[in-house]
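Taking it in order: structure first as structure tokens, then the write-up.
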2 protein chains.
Amino acid sequence: MGHTCVTATTSDEGAAVPVTIRDVARASGVHISTVSRTFSAPHLVNPETRVRVLACAEDLGYRPNRAARALITGRTHNIGLIIADIANPFFPPLIKAAESQARHRDYHVFVADTNEDPTAEEELVHALAKQVDGVLLCSPRMSNSLIEQLSREVPLVVVNRQVTGLPCVLMDVGQGARSAIEHLVGLGHRGIALLGGPRSSWTNREMRRAAGAAARAGGAELTILGPNAPTEVGGSAVAEQVRRSGVSAVLAYNDLMAIGLIEGLDALGVRVPQEVSVVGVDDITLSRLTRPKLTTVATPTGAAGRTAVDMLLQQDIESPRGARGSGAGTALGVRRTTAQVMLQTDLVIRDSTGPGPYARPARPLAAPRGPGPHCPADPGIPTAATGDAVAS
Amino acid sequence: MGHTCVTATTSDEGAAVPVTIRDVARASGVHISTVSRTFSAPHLVNPETRVRVLACAEDLGYRPNRAARALITGRTHNIGLIIADIANPFFPPLIKAAESQARHRDYHVFVADTNEDPTAEEELVHALAKQVDGVLLCSPRMSNSLIEQLSREVPLVVVNRQVTGLPCVLMDVGQGARSAIEHLVGLGHRGIALLGGPRSSWTNREMRRAAGAAARAGGAELTILGPNAPTEVGGSAVAEQVRRSGVSAVLAYNDLMAIGLIEGLDALGVRVPQEVSVVGVDDITLSRLTRPKLTTVATPTGAAGRTAVDMLLQQDIESPRGARGSGAGTALGVRRTTAQVMLQTDLVIRDSTGPGPYARPARPLAAPRGPGPHCPADPGIPTAATGDAVAS
DNA sequence: CGTGGTCCTGCAAAGGTTTGCAGTGAAGTA
DNA sequence: TACTTCACTGCAAACCTTTGCAGGACCACG
């Protein structure tokens with residue numbers, strides 16, 4: 001990690017003269033309010049004046065100070081996006097989808113990474129609170145009660161966590177886990193391990209619940225290993241434990257762990273899927289690139305990002321904070337409609353799962369291929385604010 | 001992607017009473033300035049008063065409005081981080097390093113993704129300008145002149161691009177490319193292709209230059225293929241072209257492309273490294289997980305993030321924008337010291353490179369293993385602001 | 001010529017905070 | 001006692017913008 005300083009110079013150009021609305025007003029010989037209107041309500045100002053002001057602004061390189069504007073309008077046109085671990089490939093598609101959706105509504109997205117640290121999460125919400133119009137909390141690690149408390153400070157939408165009273169975007173990992181277990185049982189596995197993720201993860205709890213039930217129903221025994229760090233090293237670290245446990249199949253909390261586990265098993269000389277089958281969750285792009293290609297539960301990450309932004313903007317537009325008529329203010333009587341949306345998941349069968357010890361030898365390849373067993377019809381996209389529950 | 005709306009309720013709690021410094025002042029029976037001081041200069045207020053104010057603030061759930069504070073102090077304690085493509089695993093380590101470094105200095109980092117779009121880059125700089133104290137521009141795709149122009153709006157540090165007059169953090173990809181080519185030549189390859197990256201990438205130009213020179217010096221012929229998208233699909237898309245070109249080795253713009261290429265070649269029945277050797281650049285974690293494991297030029301991503309933050313904060317602290325004594329202001333006469341730091345790279349040899357057609361059969365395994373041929377001693381970390389060029 | 005209307009612009013307050021300056025009371029000193 | 005010093009607190013301006021209100025110019029109509 002050596003490094004070399006190539007050049008170092010000192011210069012005095014470019015030290016940012018902050019040009020304000022007042023400078024533009026002076027330059028174009030009008031009042032500041034006219035300048036302001038030129039930008040925020042152009043139809044209210046004489047076309048002639050407008051072009052003059054615009055020219056001066058251009059000349060001086062004027063840019064409205066968004067912080068000052070936000071102070072008075074109460075809207076920043078920014079969205080905060082708090083992410084547990086930006087290095088997890090699960091998130092980028094979500095981030096990109098959220099960004100593109102936000103851009104269409106003329107919003108910018110600021111992403112912050114918490115390193116799976118609940119304290120950092122809380123601090124970031126505070127830091128973002130007054131600089132954004134709302135925050136998307138993705139896979140939070142803090143407590144529900146803290147989330148509820150923070151939601152009084154800034155509009156919140158929660159992704160991958162169920163918090164009553166708050167708008168949530170959830171992925172049906174319960175169904176995903178069920179499909180995965182059923183797939184494994186169908187392949188002839190009876191001893192199955194579940195590699196748990198972070199203790200405070202909603203997804204983790206949901207998976208345990210559903211996987212346990214599915215295993216019981218299928219006559220298999222489910223061993224729970226964990227909690228673990230939801231990363232490759234978290235996965236490879238339990239390889240030895242998996243081998244000792246004697247199971248023939250594993251469902252991992254996410255793809256990263258699954259891939260790490262496969263690596264770890266490989267190092268121990270355990271072959272996948274011949275000796276142990278492995279299923280992940282998320283269907284990150286990486287899952288198609290490793291060998292063997294990973295069987296996994298695909299989660300609709302992009303849709304989650306889009307939906308979350310929609311929900312945030314919807315609730316946000318209804319109740320602009322910092323309403324002009326202050327005093328006792330709009331506090332009471334503002335009704336907020338909070339919807340919870342559940343997104344479906346799909347089992348994607350690739351090469352990391354194979355027949356288990358109880359497979360019927362006649363047709364070992366008759367295992368269900370293609371999308372998972374449960375594929376209810378798409379009920380269409382209900383707008384989050386309608387308030388009507390859509391059955392399916 | 002079907003989804004289901006589980007619940008939808010409306011409630012009236014929690015609609016955020018914005019509690020201001022004035023409320024706290026009223027509650028604790030002091031002037032707002034005292035409340036302000038309680039937070040920003042505690043030693044100036046009577047301990048008794050202080051605890052009372054703090055208690056009231058706690059009670060009411062008061063949080064200083066950072067936007068308002070920034071308006072007057074001119075400092076937000078935020079750093080913007082603009083990234084070409086957040087889905088590229090090259091960036092997360094950089095982001096994390098920048099974040100942790102920033103956190104130590106009591107700064108927050110807001111990340112924004114541009115999707116490799118120069119227009120989005122510019123817009124984001126504007127959007128961030130007044131909400132952060134400085135911006136890290138990582139692998140920018142816009143023109144140098146535009147970058148210089150934007151740097152008058154907000155302090156900028158550029159990563160992976162050389163812009164005269166601006167602080168830059170560079171990785172010595174030139175040396176990396178040279179090492180890679182020498183490695184390939186040493187293995188007996190004489191027909192080598194370079195998979196180019198984005199046209200406007202500084203790294204790309206640097207690699208072409210250095211790789212060309214190294215190939216000439218080694219008596220090999222370098223074919224340039226590109227530009228291409230710096231992603232897996234960008235890499236797999238040129239697999240056919242690579243095969244037709246008849247080269248026996250390829251140096252790719254980055255690991256993602258290298259991995260994609262290997263995938264693509266695999267699909268065409270071309271084996272790596274038996275028929276074609278492939279080298280990437282970046283050493284993303286993924287490179288260790290694919291089969292074959294990727295030979296690649298490791299770039300010091302974390303160090304880059306840390307260094308960039310240091311340089312930004314250093315230049316930033318010297319000249320706090322929005323200085324109180326306004327008027328004609330501090331504009332002229334402020335000297336800014338701009339350093340350019342070059343970080344070294346290392347060739348990491350793994351399994352995607354092997355002997356080429358001109359290999360001496362006697363000792364095909366005598367190829368240089370371990371760190372690349374050029375490893376100058378680490379000159380230590382020069383502080384970016386010393387202004388003294390450090391030779392090496 | 002008076003009235004009403006439209007269009008444009010200026011005035012000033014507001015938003016939440018920081019901070020230089022001045023004022024208060026008490027303690028310390030001569 | 002009178003004067004200085006000190007610790008603390010209040011006052012008000014400032015940061016940059018938006019926006020309700022009102023005033024002025026101009027036109028058309030009766």
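Ordering of the structure tokens sets the chain letters (A, B, ...); residue numbers start at 1 within each chain; ligands are numbered from 1 in the order shown.
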
(request) Could you list, as a list in words, the residues of chain D having an atom within 9 Å of chain B when counting only C-alpha atoms (C1' of nucleotides)? (result)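 The selection requested is DA7, DC8, DT9, DG10, DA14, DC15 and DC16 of chain D.
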
Atoms kept (C-alpha atoms (C1' of nucleotides)) for selection, written as a short mmCIF file (atom, residue, chain, number, x, y, z; two decimals), in the first residue's frame:
data_model
loop_
_atom_site.label_atom_id
_atom_site.label_comp_id
_atom_site.auth_asym_id
_atom_site.auth_seq_id
_atom_site.Cartn_x
_atom_site.Cartn_y
_atom_site.Cartn_z
"C1'" DA D 7 -19.07 34.46 34.73
"C1'" DC D 8 -23.18 34.35 32.78
"C1'" DT D 9 -27.09 35.75 29.93
"C1'" DG D 10 -29.93 38.53 26.79
"C1'" DA D 14 -26.95 37.75 10.13
"C1'" DC D 15 -27.13 33.51 6.93
"C1'" DC D 16 -30.19 32.93 2.08
#

(request) Return the neighbours of chain A among the residues of chain C, cut-off 12 Å, counting only C-alpha atoms (C1' of nucleotides), as a VMD selection string. (result) chain C and resid 6 to 17

Prev. selection, N, CA and C atoms (P, O5', C5', C4', C3', O3' and C1' of nucleotides), output as a PDB file, in the first residue's frame:
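Everything below was put into result08.pdb:
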ATOM      1  P    DT C   6     -58.781  40.330 -13.677  1.00  0.00           P
ATOM      2  O5'  DT C   6     -57.408  40.640 -14.416  1.00  0.00           O
ATOM      3  C5'  DT C   6     -57.418  41.294 -15.694  1.00  0.00           C
ATOM      4  C4'  DT C   6     -56.000  41.493 -16.158  1.00  0.00           C
ATOM      5  C3'  DT C   6     -55.011  40.442 -15.646  1.00  0.00           C
ATOM      6  O3'  DT C   6     -54.112  40.116 -16.693  1.00  0.00           O
ATOM      7  C1'  DT C   6     -54.310  42.600 -14.973  1.00  0.00           C
ATOM      8  P    DC C   7     -53.125  38.871 -16.548  1.00  0.00           P
ATOM      9  O5'  DC C   7     -51.693  39.584 -16.545  1.00  0.00           O
ATOM     10  C5'  DC C   7     -51.645  40.952 -16.878  1.00  0.00           C
ATOM     11  C4'  DC C   7     -50.258  41.502 -16.710  1.00  0.00           C
ATOM     12  C3'  DC C   7     -49.175  40.551 -16.213  1.00  0.00           C
ATOM     13  O3'  DC C   7     -47.965  40.883 -16.882  1.00  0.00           O
ATOM     14  C1'  DC C   7     -49.457  42.304 -14.647  1.00  0.00           C
ATOM     15  P    DC C   8     -46.686  39.935 -16.717  1.00  0.00           P
ATOM     16  O5'  DC C   8     -45.869  40.721 -15.603  1.00  0.00           O
ATOM     17  C5'  DC C   8     -45.316  41.989 -15.954  1.00  0.00           C
ATOM     18  C4'  DC C   8     -44.953  42.744 -14.706  1.00  0.00           C
ATOM     19  C3'  DC C   8     -43.799  42.162 -13.905  1.00  0.00           C
ATOM     20  O3'  DC C   8     -42.650  42.973 -14.191  1.00  0.00           O
ATOM     21  C1'  DC C   8     -45.525  43.057 -12.529  1.00  0.00           C
ATOM     22  P    DT C   9     -41.252  42.521 -13.611  1.00  0.00           P
ATOM     23  O5'  DT C   9     -41.266  43.183 -12.177  1.00  0.00           O
ATOM     24  C5'  DT C   9     -41.223  44.606 -12.041  1.00  0.00           C
ATOM     25  C4'  DT C   9     -41.451  44.972 -10.591  1.00  0.00           C
ATOM     26  C3'  DT C   9     -40.400  44.454  -9.629  1.00  0.00           C
ATOM     27  O3'  DT C   9     -39.591  45.548  -9.241  1.00  0.00           O
ATOM     28  C1'  DT C   9     -42.618  44.288  -8.748  1.00  0.00           C
ATOM     29  P    DG C  10     -38.296  45.329  -8.346  1.00  0.00           P
ATOM     30  O5'  DG C  10     -38.815  45.811  -6.913  1.00  0.00           O
ATOM     31  C5'  DG C  10     -39.362  47.104  -6.790  1.00  0.00           C
ATOM     32  C4'  DG C  10     -40.025  47.254  -5.435  1.00  0.00           C
ATOM     33  C3'  DG C  10     -39.113  46.942  -4.251  1.00  0.00           C
ATOM     34  O3'  DG C  10     -39.265  47.985  -3.292  1.00  0.00           O
ATOM     35  C1'  DG C  10     -41.108  45.654  -4.115  1.00  0.00           C
ATOM     36  P    DC C  11     -38.260  48.068  -2.075  1.00  0.00           P
ATOM     37  O5'  DC C  11     -39.171  47.637  -0.847  1.00  0.00           O
ATOM     38  C5'  DC C  11     -40.485  48.160  -0.739  1.00  0.00           C
ATOM     39  C4'  DC C  11     -41.208  47.487   0.415  1.00  0.00           C
ATOM     40  C3'  DC C  11     -40.332  47.142   1.620  1.00  0.00           C
ATOM     41  O3'  DC C  11     -40.971  47.617   2.776  1.00  0.00           O
ATOM     42  C1'  DC C  11     -41.547  45.237   0.909  1.00  0.00           C
ATOM     43  P    DA C  12     -40.195  47.762   4.143  1.00  0.00           P
ATOM     44  O5'  DA C  12     -40.587  46.395   4.859  1.00  0.00           O
ATOM     45  C5'  DA C  12     -41.962  46.047   4.944  1.00  0.00           C
ATOM     46  C4'  DA C  12     -42.106  44.642   5.501  1.00  0.00           C
ATOM     47  C3'  DA C  12     -41.108  44.287   6.607  1.00  0.00           C
ATOM     48  O3'  DA C  12     -41.792  43.455   7.510  1.00  0.00           O
ATOM     49  C1'  DA C  12     -40.940  42.727   4.899  1.00  0.00           C
ATOM     50  P    DA C  13     -41.348  43.417   9.034  1.00  0.00           P
ATOM     51  O5'  DA C  13     -41.963  42.010   9.452  1.00  0.00           O
ATOM     52  C5'  DA C  13     -43.239  41.630   8.915  1.00  0.00           C
ATOM     53  C4'  DA C  13     -43.262  40.135   8.660  1.00  0.00           C
ATOM     54  C3'  DA C  13     -42.589  39.298   9.758  1.00  0.00           C
ATOM     55  O3'  DA C  13     -43.405  38.191  10.037  1.00  0.00           O
ATOM     56  C1'  DA C  13     -41.647  38.777   7.684  1.00  0.00           C
ATOM     57  P    DA C  14     -43.224  37.430  11.413  1.00  0.00           P
ATOM     58  O5'  DA C  14     -42.846  35.961  10.910  1.00  0.00           O
ATOM     59  C5'  DA C  14     -43.508  35.394   9.798  1.00  0.00           C
ATOM     60  C4'  DA C  14     -42.605  34.357   9.173  1.00  0.00           C
ATOM     61  C3'  DA C  14     -41.792  33.557  10.198  1.00  0.00           C
ATOM     62  O3'  DA C  14     -42.240  32.226  10.176  1.00  0.00           O
ATOM     63  C1'  DA C  14     -40.471  34.246   8.325  1.00  0.00           C
ATOM     64  P    DG C  15     -42.075  31.350  11.480  1.00  0.00           P
ATOM     65  O5'  DG C  15     -41.008  30.274  11.060  1.00  0.00           O
ATOM     66  C5'  DG C  15     -41.130  29.556   9.849  1.00  0.00           C
ATOM     67  C4'  DG C  15     -39.781  29.064   9.455  1.00  0.00           C
ATOM     68  C3'  DG C  15     -38.853  28.790  10.644  1.00  0.00           C
ATOM     69  O3'  DG C  15     -38.946  27.414  11.011  1.00  0.00           O
ATOM     70  C1'  DG C  15     -37.715  29.883   8.825  1.00  0.00           C
ATOM     71  P    DG C  16     -38.930  27.075  12.579  1.00  0.00           P
ATOM     72  O5'  DG C  16     -37.364  26.959  12.869  1.00  0.00           O
ATOM     73  C5'  DG C  16     -36.656  25.891  12.253  1.00  0.00           C
ATOM     74  C4'  DG C  16     -35.199  26.033  12.582  1.00  0.00           C
ATOM     75  C3'  DG C  16     -34.894  26.109  14.077  1.00  0.00           C
ATOM     76  O3'  DG C  16     -33.813  25.237  14.345  1.00  0.00           O
ATOM     77  C1'  DG C  16     -33.958  27.967  12.950  1.00  0.00           C
ATOM     78  P    DT C  17     -33.306  25.073  15.843  1.00  0.00           P
ATOM     79  O5'  DT C  17     -31.973  25.935  15.826  1.00  0.00           O
ATOM     80  C5'  DT C  17     -30.866  25.450  15.097  1.00  0.00           C
ATOM     81  C4'  DT C  17     -29.953  26.569  14.673  1.00  0.00           C
ATOM     82  C3'  DT C  17     -29.000  27.082  15.741  1.00  0.00           C
ATOM     83  O3'  DT C  17     -27.811  26.304  15.645  1.00  0.00           O
ATOM     84  C1'  DT C  17     -29.786  28.804  14.249  1.00  0.00           C
TER      85       DT C  17
END

(message) Using DSSP assignments from the backbone, pull out every residue in stretch 15-171 of chain A that falls under strand (DSSP E) and give it to me as a VMD selection string.
(response) chain A and resid 78 to 83 108 to 113 135 to 138 156 to 159 168 to 171

Since we have the selection now, will you write its residues out, keeping C-alpha atoms, as a PDB file, in the first residue's frame?
ATOM      1  CA  ASN A  78     -33.866  14.804  -1.118  1.00  0.00           C
ATOM      2  CA  ILE A  79     -34.432  11.283   0.126  1.00  0.00           C
ATOM      3  CA  GLY A  80     -32.162   9.499   2.545  1.00  0.00           C
ATOM      4  CA  LEU A  81     -31.424   5.811   2.070  1.00  0.00           C
ATOM      5  CA  ILE A  82     -29.937   3.984   5.014  1.00  0.00           C
ATOM      6  CA  ILE A  83     -28.365   0.650   4.221  1.00  0.00           C
ATOM      7  CA  HIS A 108     -32.196  13.125  -5.175  1.00  0.00           C
ATOM      8  CA  VAL A 109     -31.146  10.137  -3.129  1.00  0.00           C
ATOM      9  CA  PHE A 110     -28.379  10.200  -0.544  1.00  0.00           C
ATOM     10  CA  VAL A 111     -27.170   6.791   0.534  1.00  0.00           C
ATOM     11  CA  ALA A 112     -25.560   6.054   3.868  1.00  0.00           C
ATOM     12  CA  ASP A 113     -24.032   2.805   5.042  1.00  0.00           C
ATOM     13  CA  VAL A 135     -35.748   8.286   4.919  1.00  0.00           C
ATOM     14  CA  LEU A 136     -35.820   4.743   3.609  1.00  0.00           C
ATOM     15  CA  LEU A 137     -34.612   2.379   6.285  1.00  0.00           C
ATOM     16  CA  CYS A 138     -33.378  -0.791   4.620  1.00  0.00           C
ATOM     17  CA  LEU A 156     -39.796   6.890   7.453  1.00  0.00           C
ATOM     18  CA  VAL A 157     -40.408   3.948   5.190  1.00  0.00           C
ATOM     19  CA  VAL A 158     -39.043   0.642   6.353  1.00  0.00           C
ATOM     20  CA  VAL A 159     -37.801  -2.067   4.021  1.00  0.00           C
ATOM     21  CA  CYS A 168     -43.252  -1.071   5.237  1.00  0.00           C
ATOM     22  CA  VAL A 169     -42.023  -2.875   2.169  1.00  0.00           C
ATOM     23  CA  LEU A 170     -41.513  -6.537   2.847  1.00  0.00           C
ATOM     24  CA  MET A 171     -40.314  -9.466   0.807  1.00  0.00           C
TER      25      MET A 171
END

(request) Point out the residue among B:Asp282, B:Asp117, B:Glu221, B:Glu99 with the least atom-to-atom distance to chain A, counting only C-alpha atoms. (result)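 Residue with the minimum atom-to-atom distance to chain A: B:Glu99.
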
Enumerate, as a PDB file with N, CA and C atoms, in the first residue's frame, the complete set of residues in stretch 211-269 of chain A that a backbone-based DSSP assignment places in alpha helix (DSSP H).
ATOM      1  N   ALA A 211     -39.242 -21.817   7.667  1.00  0.00           N
ATOM      2  CA  ALA A 211     -38.447 -23.002   7.349  1.00  0.00           C
ATOM      3  C   ALA A 211     -38.752 -24.113   8.350  1.00  0.00           C
ATOM      4  N   GLY A 212     -38.879 -23.732   9.612  1.00  0.00           N
ATOM      5  CA  GLY A 212     -39.193 -24.728  10.635  1.00  0.00           C
ATOM      6  C   GLY A 212     -40.507 -25.425  10.331  1.00  0.00           C
ATOM      7  N   ALA A 213     -41.521 -24.623  10.027  1.00  0.00           N
ATOM      8  CA  ALA A 213     -42.830 -25.186   9.734  1.00  0.00           C
ATOM      9  C   ALA A 213     -42.769 -26.097   8.512  1.00  0.00           C
ATOM     10  N   ALA A 214     -42.103 -25.640   7.469  1.00  0.00           N
ATOM     11  CA  ALA A 214     -42.037 -26.423   6.225  1.00  0.00           C
ATOM     12  C   ALA A 214     -41.299 -27.733   6.457  1.00  0.00           C
ATOM     13  N   ALA A 215     -40.229 -27.665   7.263  1.00  0.00           N
ATOM     14  CA  ALA A 215     -39.472 -28.885   7.527  1.00  0.00           C
ATOM     15  C   ALA A 215     -40.353 -29.890   8.270  1.00  0.00           C
ATOM     16  N   ARG A 216     -41.030 -29.418   9.299  1.00  0.00           N
ATOM     17  CA  ARG A 216     -41.924 -30.308  10.041  1.00  0.00           C
ATOM     18  C   ARG A 216     -42.936 -30.943   9.099  1.00  0.00           C
ATOM     19  N   ALA A 217     -43.549 -30.108   8.275  1.00  0.00           N
ATOM     20  CA  ALA A 217     -44.569 -30.610   7.357  1.00  0.00           C
ATOM     21  C   ALA A 217     -43.990 -31.656   6.407  1.00  0.00           C
ATOM     22  N   GLY A 218     -42.735 -31.477   6.043  1.00  0.00           N
ATOM     23  CA  GLY A 218     -42.139 -32.402   5.072  1.00  0.00           C
ATOM     24  C   GLY A 218     -41.438 -33.577   5.723  1.00  0.00           C
ATOM     25  N   GLU A 232     -19.676 -13.438   3.130  1.00  0.00           N
ATOM     26  CA  GLU A 232     -18.965 -14.635   2.705  1.00  0.00           C
ATOM     27  C   GLU A 232     -18.226 -15.259   3.887  1.00  0.00           C
ATOM     28  N   VAL A 233     -17.512 -14.448   4.625  1.00  0.00           N
ATOM     29  CA  VAL A 233     -16.739 -15.023   5.723  1.00  0.00           C
ATOM     30  C   VAL A 233     -17.672 -15.619   6.769  1.00  0.00           C
ATOM     31  N   GLY A 234     -18.821 -14.973   6.972  1.00  0.00           N
ATOM     32  CA  GLY A 234     -19.798 -15.554   7.876  1.00  0.00           C
ATOM     33  C   GLY A 234     -20.180 -16.947   7.418  1.00  0.00           C
ATOM     34  N   GLY A 235     -20.294 -17.129   6.110  1.00  0.00           N
ATOM     35  CA  GLY A 235     -20.671 -18.431   5.562  1.00  0.00           C
ATOM     36  C   GLY A 235     -19.553 -19.438   5.637  1.00  0.00           C
ATOM     37  N   SER A 236     -18.353 -19.030   5.239  1.00  0.00           N
ATOM     38  CA  SER A 236     -17.261 -20.002   5.224  1.00  0.00           C
ATOM     39  C   SER A 236     -16.871 -20.393   6.643  1.00  0.00           C
ATOM     40  N   ALA A 237     -17.154 -19.505   7.587  1.00  0.00           N
ATOM     41  CA  ALA A 237     -16.780 -19.796   8.978  1.00  0.00           C
ATOM     42  C   ALA A 237     -17.552 -20.980   9.556  1.00  0.00           C
ATOM     43  N   ALA A 239     -18.536 -23.633   7.825  1.00  0.00           N
ATOM     44  CA  ALA A 239     -18.419 -24.823   6.974  1.00  0.00           C
ATOM     45  C   ALA A 239     -18.124 -26.061   7.814  1.00  0.00           C
ATOM     46  N   GLU A 240     -17.152 -25.934   8.694  1.00  0.00           N
ATOM     47  CA  GLU A 240     -16.767 -27.054   9.550  1.00  0.00           C
ATOM     48  C   GLU A 240     -17.967 -27.541  10.369  1.00  0.00           C
ATOM     49  N   GLN A 241     -18.683 -26.558  10.926  1.00  0.00           N
ATOM     50  CA  GLN A 241     -19.850 -26.872  11.749  1.00  0.00           C
ATOM     51  C   GLN A 241     -20.910 -27.605  10.930  1.00  0.00           C
ATOM     52  N   VAL A 242     -21.079 -27.164   9.702  1.00  0.00           N
ATOM     53  CA  VAL A 242     -22.044 -27.816   8.822  1.00  0.00           C
ATOM     54  C   VAL A 242     -21.641 -29.266   8.584  1.00  0.00           C
ATOM     55  N   ARG A 243     -20.358 -29.460   8.314  1.00  0.00           N
ATOM     56  CA  ARG A 243     -19.920 -30.821   8.049  1.00  0.00           C
ATOM     57  C   ARG A 243     -20.177 -31.712   9.267  1.00  0.00           C
ATOM     58  N   ARG A 244     -19.796 -31.198  10.432  1.00  0.00           N
ATOM     59  CA  ARG A 244     -19.976 -32.001  11.656  1.00  0.00           C
ATOM     60  C   ARG A 244     -21.436 -32.314  11.915  1.00  0.00           C
ATOM     61  N   SER A 245     -22.314 -31.375  11.563  1.00  0.00           N
ATOM     62  CA  SER A 245     -23.730 -31.561  11.888  1.00  0.00           C
ATOM     63  C   SER A 245     -24.332 -32.712  11.085  1.00  0.00           C
ATOM     64  N   ASP A 255     -27.350 -15.084  -0.141  1.00  0.00           N
ATOM     65  CA  ASP A 255     -26.453 -15.671  -1.138  1.00  0.00           C
ATOM     66  C   ASP A 255     -24.992 -15.563  -0.736  1.00  0.00           C
ATOM     67  N   LEU A 256     -24.643 -14.422  -0.168  1.00  0.00           N
ATOM     68  CA  LEU A 256     -23.261 -14.219   0.221  1.00  0.00           C
ATOM     69  C   LEU A 256     -22.805 -15.324   1.169  1.00  0.00           C
ATOM     70  N   MET A 257     -23.632 -15.618   2.158  1.00  0.00           N
ATOM     71  CA  MET A 257     -23.289 -16.685   3.094  1.00  0.00           C
ATOM     72  C   MET A 257     -23.244 -18.026   2.386  1.00  0.00           C
ATOM     73  N   ALA A 258     -24.192 -18.239   1.491  1.00  0.00           N
ATOM     74  CA  ALA A 258     -24.221 -19.512   0.760  1.00  0.00           C
ATOM     75  C   ALA A 258     -22.931 -19.690  -0.025  1.00  0.00           C
ATOM     76  N   ILE A 259     -22.512 -18.629  -0.695  1.00  0.00           N
ATOM     77  CA  ILE A 259     -21.288 -18.702  -1.499  1.00  0.00           C
ATOM     78  C   ILE A 259     -20.072 -18.930  -0.601  1.00  0.00           C
ATOM     79  N   GLY A 260     -20.044 -18.226   0.499  1.00  0.00           N
ATOM     80  CA  GLY A 260     -18.953 -18.431   1.442  1.00  0.00           C
ATOM     81  C   GLY A 260     -18.941 -19.865   1.954  1.00  0.00           C
ATOM     82  N   LEU A 261     -20.109 -20.363   2.232  1.00  0.00           N
ATOM     83  CA  LEU A 261     -20.202 -21.737   2.731  1.00  0.00           C
ATOM     84  C   LEU A 261     -19.670 -22.728   1.698  1.00  0.00           C
ATOM     85  N   ILE A 262     -20.070 -22.523   0.448  1.00  0.00           N
ATOM     86  CA  ILE A 262     -19.598 -23.427  -0.606  1.00  0.00           C
ATOM     87  C   ILE A 262     -18.069 -23.389  -0.681  1.00  0.00           C
ATOM     88  N   GLU A 263     -17.515 -22.183  -0.598  1.00  0.00           N
ATOM     89  CA  GLU A 263     -16.059 -22.029  -0.564  1.00  0.00           C
ATOM     90  C   GLU A 263     -15.473 -22.836   0.592  1.00  0.00           C
ATOM     91  N   GLY A 264     -16.068 -22.630   1.766  1.00  0.00           N
ATOM     92  CA  GLY A 264     -15.555 -23.279   2.959  1.00  0.00           C
ATOM     93  C   GLY A 264     -15.637 -24.792   2.850  1.00  0.00           C
ATOM     94  N   LEU A 265     -16.757 -25.278   2.354  1.00  0.00           N
ATOM     95  CA  LEU A 265     -16.921 -26.722   2.195  1.00  0.00           C
ATOM     96  C   LEU A 265     -15.903 -27.244   1.200  1.00  0.00           C
ATOM     97  N   ASP A 266     -15.711 -26.502   0.137  1.00  0.00           N
ATOM     98  CA  ASP A 266     -14.736 -26.875  -0.881  1.00  0.00           C
ATOM     99  C   ASP A 266     -13.361 -27.043  -0.252  1.00  0.00           C
ATOM    100  N   ALA A 267     -13.020 -26.108   0.605  1.00  0.00           N
ATOM    101  CA  ALA A 267     -11.708 -26.171   1.259  1.00  0.00           C
ATOM    102  C   ALA A 267     -11.602 -27.409   2.144  1.00  0.00           C
TER     103      ALA A 267
END

(message) Could you list, as a list in words, every residue within 12 Å of D:DT4, counting only C-alpha atoms (C1' of nucleotides) and ignoring same-chain residues fewer than 5 positions away?
(response) DA27, DG28, DT29 and DA30 of chain C
